[in-house]
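Below you'll find the structure, written out as C-alpha cells, and then a few comments.
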Amino acid sequence: MSRKRKGRNVNGILVIDKPQGVTSNGILQQVKRLYGAAKAGHTGALDPLATGVLPLCFGEATKFSQMMLDSDKAYVTTARLGIRTETGDSEGAVVEENPVPALTEADVEQVLERFRGPIEQVPSMYSALKHQGRPLYEYAREGIEIDRPARPVTIHELTLLAMRENELDLAVSCTKGTYVRSLVEDIGNALGCSAHVSALRRTMASGYTLEDAHAVPELEAMREKGESLDGLLLPPESALTMFPEVQLSGPSLVSILNGQPVKMTDQPVEGYVRLYGNHSFVGLAEALPMDEGIELVPRRLVKSSQRS
C-alpha cells in the first residue's frame with residue numbers, strides 16, 4: 001500500500017524569480033511548505049549563481065513537467081574575459097588567466113556569429129548531466145574526468161548587449177540541454193583569452209517570463225497577512241500553449257476520459273494537442289495520422305477535480 005502524501009491538493013504552476021545563492025530544490029521546498037502542498041516539482045534546475053525564471057509545478061501540473069523541461073530557454077549573462085575557472089562560472093577556482101586583447105564590437109560579432117544556429121557543445125564536467133547514474137559534478141569534485149561527447153544544440157539568439165574592457169553582456173535564446181557556461185567558455189576561447197560566467201539570469205522558460213514571476217518574500221508577506229497564495233497559480237495548461245486545442249464532447253469525450261483512443265475525421269492536426277471537454281482542460285493527447293483523419297491517443301489526463 002502506498003503511503004498517503006502529507007499536505008493538501010494544490011494544482012497549478014507558480015513562476016518564481018529565483019534569487020542568487022540558493023539551489024532550485026531549496027526554493028522548491030520553501031515554496032512547497034508555504035503552500036502546504038502534497039506534491040510539487042521544478043522544471044529544470046538553475047545553478048545557485050543564477051537567478052530568474054523558475055517554474056514550479058504543483059499536483060496535476062507535474063504531469064507536464066517533462067514537456068516544460070524540453071522547452072526553449074532564454075538568458076542574459078555576463079561573460080568575464082581573461083579568466084578560466086574550474087566550474088566555468090565565478091564560483092569555481094581560477095585555473096588560468098590570460099590577457100584580454102583589444103577587442104572591437106566587430107571582433108566580438110564575428111566570433112558570436114560562429115555560435116548562432118545549430119552547434120555542437122561539450123557539456124561541462126560541473127553539469128548535472130548523469131554518467132552511470134551519477135551527475136558529472138560529483139565526478140568533477142573527486143578529480144575524475146569523464147569523456148563527454150559533443151551534443152547538438154541550437155542557439156536561436158546570441159546578441160551582444162554591452163561591452164566593457166573585460167566583460168560582455170549577452171542575450172541567449174537556446175534549445176534544451178544548452179549550457180551557457182560552456183557557451184561562454186567557447187566564446188572566450190574563440191576570442192583568444194578564455195572566459196567564464198560571472199552573472200546569469202534566466203528570462204524565459206516554458207514560455208513564462210520574468211513578468212510572470214513572483215519573489216519568495218512576496219509569498220511570505222502574503223502568508224503573514226493571512227492571504228491565500230492560490231490566486232497566484234497559473235493553470236496546468238498554461239505550459240502547453242505551443243500545442244493546438246481540440247474540443248471534445250459526447251462519446252468521444254467519454255472515451256478519452258476512460259483512456260481510450262478516439263478516431264476523428266474532422267481534425268487536420270498532428271502531434272500533441274491540448275484536449276478540452278465542455279470548455280474545461282482534460283489533458284494532453286497525441287494526434288496520429290490515419291488514412292482518413294486522425295486518431296487521438298490520450299497521453300496525460302488530469303483528474304476530474306481539475307475539470308469541476
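In the C-alpha cells, the first chain shown is A, the next is B, and so on; residue numbers restart at 1 for each chain, and ligands run from 1 in the order shown.
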
Taking only segment 193-299 of chain A into account, list the residues labelled strand (DSSP E or B) by DSSP (computed from the backbone), as a PyMOL selection string. chain A and resi 195-205+208-209+214+234+245-248+262-264+271-277+280-289+294-299

So that I have them on file, write out the residues from the current selection with C-alpha atoms, as a PDB file, in the first residue's frame.
ATOM      1  CA  ALA A 195      36.114  33.424 -20.205  1.00  0.00           C
ATOM      2  CA  HIS A 196      33.667  32.402 -17.504  1.00  0.00           C
ATOM      3  CA  VAL A 197      30.118  33.312 -16.457  1.00  0.00           C
ATOM      4  CA  SER A 198      30.077  35.973 -13.757  1.00  0.00           C
ATOM      5  CA  ALA A 199      26.302  36.552 -13.818  1.00  0.00           C
ATOM      6  CA  LEU A 200      23.387  34.579 -15.239  1.00  0.00           C
ATOM      7  CA  ARG A 201      19.687  35.442 -15.255  1.00  0.00           C
ATOM      8  CA  ARG A 202      17.062  33.255 -16.907  1.00  0.00           C
ATOM      9  CA  THR A 203      14.490  35.482 -18.572  1.00  0.00           C
ATOM     10  CA  MET A 204      12.237  32.835 -20.124  1.00  0.00           C
ATOM     11  CA  ALA A 205      11.427  29.157 -19.611  1.00  0.00           C
ATOM     12  CA  TYR A 208       6.982  32.050 -18.928  1.00  0.00           C
ATOM     13  CA  THR A 209       8.906  35.293 -18.469  1.00  0.00           C
ATOM     14  CA  HIS A 214       6.979  36.147  -8.057  1.00  0.00           C
ATOM     15  CA  LEU A 234      -1.410  29.522 -13.302  1.00  0.00           C
ATOM     16  CA  GLU A 245      -6.512  22.937 -28.968  1.00  0.00           C
ATOM     17  CA  VAL A 246      -9.086  20.226 -29.651  1.00  0.00           C
ATOM     18  CA  GLN A 247     -12.585  20.367 -28.183  1.00  0.00           C
ATOM     19  CA  LEU A 248     -14.374  17.098 -27.404  1.00  0.00           C
ATOM     20  CA  VAL A 262     -10.634   8.257 -30.451  1.00  0.00           C
ATOM     21  CA  LYS A 263     -10.785   8.401 -34.250  1.00  0.00           C
ATOM     22  CA  MET A 264     -11.691  11.781 -35.766  1.00  0.00           C
ATOM     23  CA  GLY A 271       1.333  15.733 -32.900  1.00  0.00           C
ATOM     24  CA  TYR A 272       0.499  16.780 -29.346  1.00  0.00           C
ATOM     25  CA  VAL A 273      -2.765  18.637 -28.697  1.00  0.00           C
ATOM     26  CA  ARG A 274      -4.498  20.161 -25.686  1.00  0.00           C
ATOM     27  CA  LEU A 275      -7.815  18.470 -25.013  1.00  0.00           C
ATOM     28  CA  TYR A 276     -10.873  20.300 -23.699  1.00  0.00           C
ATOM     29  CA  GLY A 277     -14.276  18.902 -22.796  1.00  0.00           C
ATOM     30  CA  SER A 280     -12.540  22.586 -19.414  1.00  0.00           C
ATOM     31  CA  PHE A 281      -8.991  21.270 -19.829  1.00  0.00           C
ATOM     32  CA  VAL A 282      -8.849  17.482 -19.628  1.00  0.00           C
ATOM     33  CA  GLY A 283      -5.282  16.716 -20.658  1.00  0.00           C
ATOM     34  CA  LEU A 284      -2.743  16.154 -23.392  1.00  0.00           C
ATOM     35  CA  ALA A 285      -3.166  13.748 -26.318  1.00  0.00           C
ATOM     36  CA  GLU A 286      -1.193  12.823 -29.403  1.00  0.00           C
ATOM     37  CA  ALA A 287      -2.888  13.094 -32.785  1.00  0.00           C
ATOM     38  CA  LEU A 288      -1.640  10.306 -35.042  1.00  0.00           C
ATOM     39  CA  PRO A 289      -2.376  10.464 -38.787  1.00  0.00           C
ATOM     40  CA  ILE A 294      -6.517  11.170 -37.108  1.00  0.00           C
ATOM     41  CA  GLU A 295      -6.501   9.001 -34.014  1.00  0.00           C
ATOM     42  CA  LEU A 296      -6.337  10.873 -30.709  1.00  0.00           C
ATOM     43  CA  VAL A 297      -4.321   8.900 -28.155  1.00  0.00           C
ATOM     44  CA  PRO A 298      -4.502  10.199 -24.562  1.00  0.00           C
ATOM     45  CA  ARG A 299      -1.037  10.765 -23.040  1.00  0.00           C
TER      46      ARG A 299
END

Might you pull out every residue within 10 Å of segment 226-229 of chain A, with only C-alpha atoms counted and same-chain residues fewer than 6 positions away left off, and present them as an MDAnalysis selection string? chainID A and resid 14 34:35 218:220

Identify, on the basis of only C-alpha atoms, every residue whose closest approach to Ile83 of chain A does not exceed 9 Å; exclude the query and any residue fewer than 2 positions from it along the same chain; express the result as number ranges by chain. A: 80-81, 85, 94-99, 188, 193-196

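For the pair atom CA of Val22 of chain A and atom CA of Asp47 of chain A, the separation is 8.1 Å.
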
Which parts of segment 42-120 of chain A does DSSP call alpha helix (DSSP H) when run on the backbone here, written out as a PyMOL selection string? chain A and resi 65-69+105-114

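Across A:Leu240, A:Leu233, A:Ala37, A:Ile155, the tightest approach to Gln66 of chain A is made by A:Leu240 when counting only C-alpha atoms.
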
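For the choices A:His156, A:Gly82, A:Ala50, A:Glu237, the atom-to-atom distance to Asn189 of chain A is smallest for A:Gly82 when using only C-alpha atoms.
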